[in-house]
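Below is work-v9.json, which holds JSON, N, CA and C atoms.
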[["chain", "number", "residue", "atom", "x", "y", "z"],
["A", 1, "MET", "N", 19.94, 15.32, -24.34],
["A", 1, "MET", "CA", 19.91, 15.68, -22.93],
["A", 1, "MET", "C", 19.70, 14.42, -22.09],
["A", 2, "SER", "N", 20.49, 14.27, -21.08],
["A", 2, "SER", "CA", 20.42, 13.11, -20.19],
["A", 2, "SER", "C", 19.28, 13.27, -19.19],
["A", 3, "LEU", "N", 18.73, 12.15, -18.75],
["A", 3, "LEU", "CA", 17.69, 12.18, -17.74],
["A", 3, "LEU", "C", 18.26, 12.44, -16.34],
["A", 4, "TYR", "N", 19.54, 12.22, -16.18],
["A", 4, "TYR", "CA", 20.16, 12.39, -14.86],
["A", 4, "TYR", "C", 21.40, 13.26, -14.98],
["A", 5, "HIS", "N", 21.54, 14.12, -14.01],
["A", 5, "HIS", "CA", 22.77, 14.91, -13.90],
["A", 5, "HIS", "C", 23.21, 14.84, -12.46],
["A", 6, "HIS", "N", 24.52, 14.66, -12.22],
["A", 6, "HIS", "CA", 25.04, 14.47, -10.86],
["A", 6, "HIS", "C", 24.65, 15.61, -9.92],
["A", 7, "SER", "N", 24.40, 16.79, -10.44],
["A", 7, "SER", "CA", 24.01, 17.92, -9.58],
["A", 7, "SER", "C", 22.62, 17.73, -8.98],
["A", 8, "GLN", "N", 21.84, 16.80, -9.54],
["A", 8, "GLN", "CA", 20.49, 16.55, -9.04],
["A", 8, "GLN", "C", 20.48, 15.43, -7.99],
["A", 9, "GLY", "N", 21.62, 14.83, -7.73],
["A", 9, "GLY", "CA", 21.69, 13.72, -6.79],
["A", 9, "GLY", "C", 21.38, 14.17, -5.37],
["A", 10, "LYS", "N", 20.76, 13.27, -4.62],
["A", 10, "LYS", "CA", 20.43, 13.54, -3.22],
["A", 10, "LYS", "C", 20.94, 12.38, -2.38],
["A", 11, "ASP", "N", 21.23, 12.65, -1.14],
["A", 11, "ASP", "CA", 21.74, 11.64, -0.24],
["A", 11, "ASP", "C", 20.57, 10.93, 0.43],
["A", 12, "SER", "N", 20.10, 9.90, -0.20],
["A", 12, "SER", "CA", 19.06, 9.08, 0.40],
["A", 12, "SER", "C", 19.17, 7.67, -0.16],
["A", 13, "CYS", "N", 18.58, 6.76, 0.53],
["A", 13, "CYS", "CA", 18.71, 5.37, 0.15],
["A", 13, "CYS", "C", 17.79, 5.01, -1.01],
["A", 14, "GLY", "N", 16.71, 5.75, -1.17],
["A", 14, "GLY", "CA", 15.81, 5.48, -2.29],
["A", 14, "GLY", "C", 14.75, 4.45, -1.96],
["A", 15, "PHE", "N", 14.42, 3.66, -2.94],
["A", 15, "PHE", "CA", 13.35, 2.68, -2.78],
["A", 15, "PHE", "C", 13.64, 1.49, -3.68],
["A", 16, "GLY", "N", 12.91, 0.43, -3.47],
["A", 16, "GLY", "CA", 13.03, -0.74, -4.33],
["A", 16, "GLY", "C", 11.83, -0.82, -5.25],
["A", 17, "LEU", "N", 12.03, -1.29, -6.44],
["A", 17, "LEU", "CA", 10.93, -1.45, -7.39],
["A", 17, "LEU", "C", 11.07, -2.81, -8.05],
["A", 18, "ILE", "N", 10.02, -3.60, -7.93],
["A", 18, "ILE", "CA", 9.98, -4.90, -8.57],
["A", 18, "ILE", "C", 8.69, -4.91, -9.38],
["A", 19, "ALA", "N", 8.78, -5.19, -10.66],
["A", 19, "ALA", "CA", 7.59, -5.14, -11.51],
["A", 19, "ALA", "C", 7.55, -6.33, -12.45],
["A", 20, "GLN", "N", 6.36, -6.74, -12.80],
["A", 20, "GLN", "CA", 6.13, -7.77, -13.81],
["A", 20, "GLN", "C", 5.68, -7.01, -15.06],
["A", 21, "LEU", "N", 6.56, -6.84, -16.01],
["A", 21, "LEU", "CA", 6.29, -5.99, -17.18],
["A", 21, "LEU", "C", 5.26, -6.57, -18.14],
["A", 22, "LYS", "N", 5.02, -7.88, -18.06],
["A", 22, "LYS", "CA", 4.05, -8.50, -18.97],
["A", 22, "LYS", "C", 2.65, -8.54, -18.37],
["A", 23, "GLY", "N", 2.49, -8.02, -17.16],
["A", 23, "GLY", "CA", 1.17, -7.98, -16.54],
["A", 23, "GLY", "C", 0.68, -9.31, -16.01],
["A", 24, "VAL", "N", 1.57, -10.25, -15.82],
["A", 24, "VAL", "CA", 1.19, -11.57, -15.31],
["A", 24, "VAL", "C", 1.25, -11.54, -13.79],
["A", 25, "GLN", "N", 0.14, -11.92, -13.15],
["A", 25, "GLN", "CA", 0.12, -11.94, -11.69],
["A", 25, "GLN", "C", 1.00, -13.07, -11.18],
["A", 26, "SER", "N", 1.71, -12.80, -10.07],
["A", 26, "SER", "CA", 2.64, -13.80, -9.56],
["A", 26, "SER", "C", 2.78, -13.68, -8.05],
["A", 27, "GLN", "N", 2.52, -14.76, -7.35],
["A", 27, "GLN", "CA", 2.73, -14.81, -5.91],
["A", 27, "GLN", "C", 4.21, -14.67, -5.60],
["A", 28, "ASN", "N", 5.05, -15.18, -6.48],
["A", 28, "ASN", "CA", 6.50, -15.07, -6.30],
["A", 28, "ASN", "C", 6.93, -13.60, -6.29],
["A", 29, "LEU", "N", 6.32, -12.79, -7.14],
["A", 29, "LEU", "CA", 6.65, -11.37, -7.18],
["A", 29, "LEU", "C", 6.30, -10.69, -5.85],
["A", 30, "ILE", "N", 5.14, -11.04, -5.29],
["A", 30, "ILE", "CA", 4.73, -10.46, -4.01],
["A", 30, "ILE", "C", 5.67, -10.94, -2.89],
["A", 31, "SER", "N", 5.99, -12.22, -2.89],
["A", 31, "SER", "CA", 6.92, -12.75, -1.88],
["A", 31, "SER", "C", 8.28, -12.06, -1.96],
["A", 32, "THR", "N", 8.75, -11.83, -3.17],
["A", 32, "THR", "CA", 10.03, -11.15, -3.36],
["A", 32, "THR", "C", 9.97, -9.71, -2.85],
["A", 33, "ALA", "N", 8.85, -9.02, -3.14],
["A", 33, "ALA", "CA", 8.69, -7.64, -2.68],
["A", 33, "ALA", "C", 8.65, -7.57, -1.15],
["A", 34, "ILE", "N", 7.94, -8.49, -0.53],
["A", 34, "ILE", "CA", 7.88, -8.52, 0.93],
["A", 34, "ILE", "C", 9.26, -8.82, 1.53],
["A", 35, "SER", "N", 9.96, -9.75, 0.91],
["A", 35, "SER", "CA", 11.31, -10.07, 1.37],
["A", 35, "SER", "C", 12.22, -8.84, 1.27],
["A", 36, "ALA", "N", 12.12, -8.11, 0.17],
["A", 36, "ALA", "CA", 12.92, -6.89, 0.00],
["A", 36, "ALA", "C", 12.54, -5.86, 1.06],
["A", 37, "LEU", "N", 11.27, -5.74, 1.33],
["A", 37, "LEU", "CA", 10.79, -4.76, 2.31],
["A", 37, "LEU", "C", 11.33, -5.05, 3.70],
["A", 38, "THR", "N", 11.46, -6.32, 4.04],
["A", 38, "THR", "CA", 11.97, -6.67, 5.37],
["A", 38, "THR", "C", 13.46, -6.34, 5.52],
["A", 39, "ARG", "N", 14.11, -6.07, 4.42],
["A", 39, "ARG", "CA", 15.55, -5.74, 4.45],
["A", 39, "ARG", "C", 15.80, -4.24, 4.41],
["A", 40, "MET", "N", 14.76, -3.44, 4.56],
["A", 40, "MET", "CA", 14.89, -1.99, 4.42],
["A", 40, "MET", "C", 15.11, -1.26, 5.74],
["A", 41, "THR", "N", 15.32, -1.97, 6.84],
["A", 41, "THR", "CA", 15.49, -1.29, 8.13],
["A", 41, "THR", "C", 16.73, -0.43, 8.16],
["A", 42, "HIS", "N", 17.70, -0.67, 7.30],
["A", 42, "HIS", "CA", 18.91, 0.14, 7.28],
["A", 42, "HIS", "C", 18.62, 1.59, 6.91],
["A", 43, "ARG", "N", 17.45, 1.86, 6.34],
["A", 43, "ARG", "CA", 17.10, 3.23, 5.95],
["A", 43, "ARG", "C", 16.76, 4.09, 7.16],
["A", 44, "GLY", "N", 16.73, 3.50, 8.33],
["A", 44, "GLY", "CA", 16.27, 4.25, 9.50],
["A", 44, "GLY", "C", 14.76, 4.23, 9.55],
["A", 45, "ALA", "N", 14.17, 3.22, 8.92],
["A", 45, "ALA", "CA", 12.72, 3.15, 8.79],
["A", 45, "ALA", "C", 12.04, 2.52, 10.01],
["A", 46, "VAL", "N", 12.80, 2.21, 11.03],
["A", 46, "VAL", "CA", 12.21, 1.62, 12.24],
["A", 46, "VAL", "C", 12.37, 2.61, 13.38],
["A", 47, "ASP", "N", 11.26, 2.85, 14.09],
["A", 47, "ASP", "CA", 11.26, 3.80, 15.19],
["A", 47, "ASP", "C", 12.09, 3.27, 16.37],
["A", 48, "ALA", "N", 12.26, 4.09, 17.37],
["A", 48, "ALA", "CA", 13.07, 3.74, 18.53],
["A", 48, "ALA", "C", 12.54, 2.52, 19.27],
["A", 49, "ASP", "N", 11.23, 2.23, 19.13],
["A", 49, "ASP", "CA", 10.68, 1.06, 19.81],
["A", 49, "ASP", "C", 11.10, -0.25, 19.15],
["A", 50, "GLY", "N", 11.73, -0.16, 17.97],
["A", 50, "GLY", "CA", 12.19, -1.37, 17.28],
["A", 50, "GLY", "C", 11.09, -2.12, 16.56],
["A", 51, "LYS", "N", 9.87, -1.60, 16.57],
["A", 51, "LYS", "CA", 8.74, -2.29, 15.96],
["A", 51, "LYS", "C", 8.02, -1.43, 14.91],
["A", 52, "THR", "N", 7.87, -0.16, 15.21],
["A", 52, "THR", "CA", 7.07, 0.72, 14.38],
["A", 52, "THR", "C", 7.83, 1.08, 13.11],
["A", 53, "GLY", "N", 7.17, 0.92, 11.96],
["A", 53, "GLY", "CA", 7.79, 1.26, 10.68],
["A", 53, "GLY", "C", 7.45, 2.67, 10.26],
["A", 54, "ASP", "N", 7.98, 3.05, 9.12],
["A", 54, "ASP", "CA", 7.74, 4.39, 8.60],
["A", 54, "ASP", "C", 6.60, 4.43, 7.59],
["A", 55, "GLY", "N", 5.89, 3.34, 7.45],
["A", 55, "GLY", "CA", 4.74, 3.32, 6.56],
["A", 55, "GLY", "C", 5.05, 2.81, 5.16],
["A", 56, "CYS", "N", 6.28, 2.41, 4.91],
["A", 56, "CYS", "CA", 6.58, 1.90, 3.58],
["A", 56, "CYS", "C", 5.89, 0.54, 3.41],
["A", 57, "GLY", "N", 5.59, 0.20, 2.20],
["A", 57, "GLY", "CA", 4.90, -1.06, 1.95],
["A", 57, "GLY", "C", 4.96, -1.41, 0.48],
["A", 58, "ILE", "N", 4.04, -2.26, 0.04],
["A", 58, "ILE", "CA", 4.01, -2.64, -1.36],
["A", 58, "ILE", "C", 2.67, -2.24, -1.96],
["A", 59, "THR", "N", 2.68, -2.01, -3.24],
["A", 59, "THR", "CA", 1.47, -1.72, -4.00],
["A", 59, "THR", "C", 1.28, -2.85, -4.99],
["A", 60, "ILE", "N", 0.09, -3.43, -4.99],
["A", 60, "ILE", "CA", -0.19, -4.53, -5.90],
["A", 60, "ILE", "C", -1.50, -4.29, -6.63],
["A", 61, "GLN", "N", -1.64, -4.93, -7.76],
["A", 61, "GLN", "CA", -2.88, -4.88, -8.52],
["A", 61, "GLN", "C", -3.67, -6.13, -8.18],
["A", 62, "LEU", "N", -4.92, -5.94, -7.78],
["A", 62, "LEU", "CA", -5.78, -7.08, -7.48],
["A", 62, "LEU", "C", -6.80, -7.25, -8.60],
["A", 63, "SER", "N", -7.13, -8.47, -8.87],
["A", 63, "SER", "CA", -8.03, -8.80, -9.96],
["A", 63, "SER", "C", -9.43, -8.22, -9.75],
["A", 64, "ASP", "N", -9.94, -7.63, -10.81],
["A", 64, "ASP", "CA", -11.31, -7.10, -10.80],
["A", 64, "ASP", "C", -12.32, -8.21, -10.52],
["A", 65, "SER", "N", -12.02, -9.42, -10.98],
["A", 65, "SER", "CA", -12.95, -10.55, -10.77],
["A", 65, "SER", "C", -13.08, -10.91, -9.29],
["A", 66, "PHE", "N", -12.11, -10.49, -8.47],
["A", 66, "PHE", "CA", -12.19, -10.71, -7.03],
["A", 66, "PHE", "C", -13.14, -9.71, -6.38],
["A", 67, "PHE", "N", -13.04, -8.44, -6.80],
["A", 67, "PHE", "CA", -13.79, -7.39, -6.13],
["A", 67, "PHE", "C", -15.22, -7.17, -6.64],
["A", 68, "GLN", "N", -15.46, -7.43, -7.91],
["A", 68, "GLN", "CA", -16.79, -7.15, -8.45],
["A", 68, "GLN", "C", -17.91, -7.89, -7.72],
["A", 69, "PRO", "N", -17.79, -9.18, -7.42],
["A", 69, "PRO", "CA", -18.87, -9.85, -6.67],
["A", 69, "PRO", "C", -19.09, -9.24, -5.28],
["A", 70, "ILE", "N", -18.01, -8.83, -4.64],
["A", 70, "ILE", "CA", -18.13, -8.21, -3.32],
["A", 70, "ILE", "C", -18.85, -6.88, -3.44],
["A", 71, "ALA", "N", -18.45, -6.08, -4.42],
["A", 71, "ALA", "CA", -19.08, -4.77, -4.63],
["A", 71, "ALA", "C", -20.57, -4.94, -4.95],
["A", 72, "GLN", "N", -20.90, -5.90, -5.79],
["A", 72, "GLN", "CA", -22.30, -6.15, -6.14],
["A", 72, "GLN", "C", -23.11, -6.58, -4.92],
["A", 73, "SER", "N", -22.52, -7.41, -4.06],
["A", 73, "SER", "CA", -23.24, -7.87, -2.87],
["A", 73, "SER", "C", -23.52, -6.73, -1.90],
["A", 74, "LEU", "N", -22.70, -5.66, -2.00],
["A", 74, "LEU", "CA", -22.89, -4.48, -1.16],
["A", 74, "LEU", "C", -23.70, -3.39, -1.86],
["A", 75, "GLY", "N", -24.26, -3.73, -3.02],
["A", 75, "GLY", "CA", -25.10, -2.77, -3.74],
["A", 75, "GLY", "C", -24.33, -1.86, -4.67],
["A", 76, "GLY", "N", -23.09, -2.20, -4.99],
["A", 76, "GLY", "CA", -22.28, -1.37, -5.88],
["A", 76, "GLY", "C", -22.62, -1.58, -7.34],
["A", 77, "ASN", "N", -22.17, -0.66, -8.16],
["A", 77, "ASN", "CA", -22.36, -0.72, -9.59],
["A", 77, "ASN", "C", -21.38, -1.72, -10.19],
["A", 78, "PRO", "N", -21.86, -2.73, -10.94],
["A", 78, "PRO", "CA", -20.96, -3.76, -11.47],
["A", 78, "PRO", "C", -19.84, -3.22, -12.36],
["A", 79, "GLY", "N", -20.05, -2.10, -13.04],
["A", 79, "GLY", "CA", -19.04, -1.57, -13.94],
["A", 79, "GLY", "C", -18.19, -0.48, -13.34],
["A", 80, "ALA", "N", -18.39, -0.18, -12.08],
["A", 80, "ALA", "CA", -17.70, 0.95, -11.45],
["A", 80, "ALA", "C", -16.21, 0.65, -11.21],
["A", 81, "LEU", "N", -15.43, 1.71, -11.18],
["A", 81, "LEU", "CA", -14.03, 1.57, -10.78],
["A", 81, "LEU", "C", -13.99, 1.36, -9.27],
["A", 82, "LEU", "N", -13.10, 0.51, -8.82],
["A", 82, "LEU", "CA", -13.03, 0.17, -7.40],
["A", 82, "LEU", "C", -11.67, 0.54, -6.83],
["A", 83, "ALA", "N", -11.66, 0.78, -5.54],
["A", 83, "ALA", "CA", -10.42, 1.04, -4.83],
["A", 83, "ALA", "C", -10.51, 0.41, -3.45],
["A", 84, "VAL", "N", -9.37, 0.13, -2.87],
["A", 84, "VAL", "CA", -9.30, -0.45, -1.54],
["A", 84, "VAL", "C", -8.52, 0.50, -0.66],
["A", 85, "GLY", "N", -9.00, 0.72, 0.55],
["A", 85, "GLY", "CA", -8.29, 1.59, 1.48],
["A", 85, "GLY", "C", -8.12, 0.90, 2.82],
["A", 86, "GLN", "N", -7.17, 1.34, 3.54],
["A", 86, "GLN", "CA", -6.94, 0.83, 4.89],
["A", 86, "GLN", "C", -7.02, 2.02, 5.84],
["A", 87, "ILE", "N", -7.86, 1.90, 6.84],
["A", 87, "ILE", "CA", -8.12, 3.01, 7.75],
["A", 87, "ILE", "C", -7.79, 2.57, 9.17],
["A", 88, "PHE", "N", -7.06, 3.40, 9.86],
["A", 88, "PHE", "CA", -6.71, 3.12, 11.25],
["A", 88, "PHE", "C", -7.59, 3.98, 12.14],
["A", 89, "LEU", "N", -8.33, 3.34, 13.02],
["A", 89, "LEU", "CA", -9.25, 4.05, 13.90],
["A", 89, "LEU", "C", -8.60, 4.28, 15.26],
["A", 90, "SER", "N", -9.14, 5.26, 15.95],
["A", 90, "SER", "CA", -8.68, 5.57, 17.31],
["A", 90, "SER", "C", -8.92, 4.37, 18.22],
["A", 91, "GLN", "N", -8.08, 4.22, 19.21],
["A", 91, "GLN", "CA", -8.30, 3.17, 20.20],
["A", 91, "GLN", "C", -9.42, 3.55, 21.17],
["A", 92, "ASN", "N", -9.78, 4.82, 21.18],
["A", 92, "ASN", "CA", -10.91, 5.29, 21.97],
["A", 92, "ASN", "C", -12.19, 4.83, 21.26],
["A", 93, "LYS", "N", -13.01, 4.03, 21.93],
["A", 93, "LYS", "CA", -14.19, 3.43, 21.30],
["A", 93, "LYS", "C", -15.17, 4.47, 20.76],
["A", 94, "ASP", "N", -15.37, 5.56, 21.48],
["A", 94, "ASP", "CA", -16.31, 6.59, 21.01],
["A", 94, "ASP", "C", -15.79, 7.28, 19.75],
["A", 95, "LYS", "N", -14.52, 7.62, 19.75],
["A", 95, "LYS", "CA", -13.93, 8.26, 18.57],
["A", 95, "LYS", "C", -13.92, 7.30, 17.37],
["A", 96, "ALA", "N", -13.64, 6.04, 17.64],
["A", 96, "ALA", "CA", -13.63, 5.04, 16.56],
["A", 96, "ALA", "C", -15.03, 4.90, 15.96],
["A", 97, "GLN", "N", -16.05, 4.86, 16.81],
["A", 97, "GLN", "CA", -17.42, 4.73, 16.32],
["A", 97, "GLN", "C", -17.83, 5.96, 15.53],
["A", 98, "HIS", "N", -17.44, 7.12, 15.98],
["A", 98, "HIS", "CA", -17.74, 8.36, 15.25],
["A", 98, "HIS", "C", -17.10, 8.31, 13.85],
["A", 99, "ALA", "N", -15.87, 7.85, 13.78],
["A", 99, "ALA", "CA", -15.17, 7.73, 12.49],
["A", 99, "ALA", "C", -15.89, 6.72, 11.59],
["A", 100, "ARG", "N", -16.32, 5.59, 12.15],
["A", 100, "ARG", "CA", -17.07, 4.59, 11.36],
["A", 100, "ARG", "C", -18.33, 5.20, 10.80],
["A", 101, "ASN", "N", -19.05, 5.94, 11.63],
["A", 101, "ASN", "CA", -20.30, 6.58, 11.17],
["A", 101, "ASN", "C", -20.04, 7.53, 10.01],
["A", 102, "LEU", "N", -18.98, 8.32, 10.12],
["A", 102, "LEU", "CA", -18.63, 9.25, 9.04],
["A", 102, "LEU", "C", -18.29, 8.49, 7.76],
["A", 103, "LEU", "N", -17.53, 7.43, 7.89],
["A", 103, "LEU", "CA", -17.14, 6.65, 6.72],
["A", 103, "LEU", "C", -18.34, 5.98, 6.04],
["A", 104, "GLU", "N", -19.26, 5.48, 6.85],
["A", 104, "GLU", "CA", -20.44, 4.81, 6.28],
["A", 104, "GLU", "C", -21.36, 5.80, 5.59],
["A", 105, "ARG", "N", -21.38, 7.02, 6.11],
["A", 105, "ARG", "CA", -22.20, 8.05, 5.49],
["A", 105, "ARG", "C", -21.65, 8.41, 4.13]]

Show this structure as structure tokens.
Amino acid sequence: MSLYHHSQGKDSCGFGLIAQLKGVQSQNLISTAISALTRMTHRGAVDADGKTGDGCGITIQLSDSFFQPIAQSLGGNPGALLAVGQIFLSQNKDKAQHARNLLER
């Protein structure tokens, strides 16, 4: 049985995937991914303002040796699993502060 059948095809541009299969970190790989991402506007991924994107980006693995000292300095468990998030706050100062308070709690 094949993994693909033409009846399952969809009309979309898809995505790009660049991977280092040997697990070797490479700045060149990140630069290549960013370069590819800048060429994706043909997907209709830019809003009418010509600036706003559709949220596509890159996913990278960051070294544990980078984050562990930071986590420890903030009182984290040295052996814990770590994650990084990006949060967009309201431009309204009161709402932004309320969100910060919730996140810190």

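If you look at atom C of Thr59 (chain A) and atom C of Arg105 (chain A), they are 27.1 Å away from each other.
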
DSSP-assigned alpha helix (DSSP H) members of chain A, reported as a PyMOL selection string: chain A and resi 27-38+64-73+93-104

For a cutoff of 9 Å around the file-coordinate point (-0.7, -12.2, -6.3), which residues qualify once you count only C-alpha atoms? I'd like the result as a list in words.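 Residues satisfying the cut-off, written out: Gln25, Ser26, Gln27, Asn28, Leu29, Ile30, Ser31, Ile60, Gln61, Leu62 and Ser63 of chain A.
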
Selection above as a file: N, CA and C atoms, as a PDB file, keeping the file's coordinate frame:
ATOM      1  N   GLN A  25       0.140 -11.920 -13.150  1.00  0.00           N
ATOM      2  CA  GLN A  25       0.120 -11.940 -11.690  1.00  0.00           C
ATOM      3  C   GLN A  25       1.000 -13.070 -11.180  1.00  0.00           C
ATOM      4  N   SER A  26       1.710 -12.800 -10.070  1.00  0.00           N
ATOM      5  CA  SER A  26       2.640 -13.800  -9.560  1.00  0.00           C
ATOM      6  C   SER A  26       2.780 -13.680  -8.050  1.00  0.00           C
ATOM      7  N   GLN A  27       2.520 -14.760  -7.350  1.00  0.00           N
ATOM      8  CA  GLN A  27       2.730 -14.810  -5.910  1.00  0.00           C
ATOM      9  C   GLN A  27       4.210 -14.670  -5.600  1.00  0.00           C
ATOM     10  N   ASN A  28       5.050 -15.180  -6.480  1.00  0.00           N
ATOM     11  CA  ASN A  28       6.500 -15.070  -6.300  1.00  0.00           C
ATOM     12  C   ASN A  28       6.930 -13.600  -6.290  1.00  0.00           C
ATOM     13  N   LEU A  29       6.320 -12.790  -7.140  1.00  0.00           N
ATOM     14  CA  LEU A  29       6.650 -11.370  -7.180  1.00  0.00           C
ATOM     15  C   LEU A  29       6.300 -10.690  -5.850  1.00  0.00           C
ATOM     16  N   ILE A  30       5.140 -11.040  -5.290  1.00  0.00           N
ATOM     17  CA  ILE A  30       4.730 -10.460  -4.010  1.00  0.00           C
ATOM     18  C   ILE A  30       5.670 -10.940  -2.890  1.00  0.00           C
ATOM     19  N   SER A  31       5.990 -12.220  -2.890  1.00  0.00           N
ATOM     20  CA  SER A  31       6.920 -12.750  -1.880  1.00  0.00           C
ATOM     21  C   SER A  31       8.280 -12.060  -1.960  1.00  0.00           C
ATOM     22  N   ILE A  60       0.090  -3.430  -4.990  1.00  0.00           N
ATOM     23  CA  ILE A  60      -0.190  -4.530  -5.900  1.00  0.00           C
ATOM     24  C   ILE A  60      -1.500  -4.290  -6.630  1.00  0.00           C
ATOM     25  N   GLN A  61      -1.640  -4.930  -7.760  1.00  0.00           N
ATOM     26  CA  GLN A  61      -2.880  -4.880  -8.520  1.00  0.00           C
ATOM     27  C   GLN A  61      -3.670  -6.130  -8.180  1.00  0.00           C
ATOM     28  N   LEU A  62      -4.920  -5.940  -7.780  1.00  0.00           N
ATOM     29  CA  LEU A  62      -5.780  -7.080  -7.480  1.00  0.00           C
ATOM     30  C   LEU A  62      -6.800  -7.250  -8.600  1.00  0.00           C
ATOM     31  N   SER A  63      -7.130  -8.470  -8.870  1.00  0.00           N
ATOM     32  CA  SER A  63      -8.030  -8.800  -9.960  1.00  0.00           C
ATOM     33  C   SER A  63      -9.430  -8.220  -9.750  1.00  0.00           C
TER      34      SER A  63
END

As an exercise, work out the distance from CA of Thr38 (chain A) to atom N of Leu82 (chain A) in Å and give it to one decimal place. 29.7 Å

Do you have, as a tab-separated table, the list of residues of region 20-90 of chain A lying at most 10 Å from region 96-102 of chain A, each with its nearest atom pair and that distance in Å to one decimal, counting only C-alpha atoms and ordered by chain then number?
residue	atom	partner	partner_atom	distance
A:Ile87	CA	A:Ala99	CA	9.7
A:Phe88	CA	A:Ala96	CA	8.9
A:Leu89	CA	A:Ala96	CA	5.2
A:Ser90	CA	A:Ala96	CA	5.0

Axis-aligned box for all listed atoms of region 21-38 of chain A, 5 Å per side, centre and edges in Å to one decimal, as AutoDock Vina command-line options:
--center_x 6.8 --center_y -10.0 --center_z -6.7 --size_x 23.3 --size_y 20.4 --size_z 34.5

What separation in Å, quoted to one decimal, exists between atom N of Gln72 (chain A) and atom N of Glu104 (chain A)?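 Separating atom N of Gln72 (chain A) from atom N of Glu104 (chain A) is a distance of 17.1 Å.
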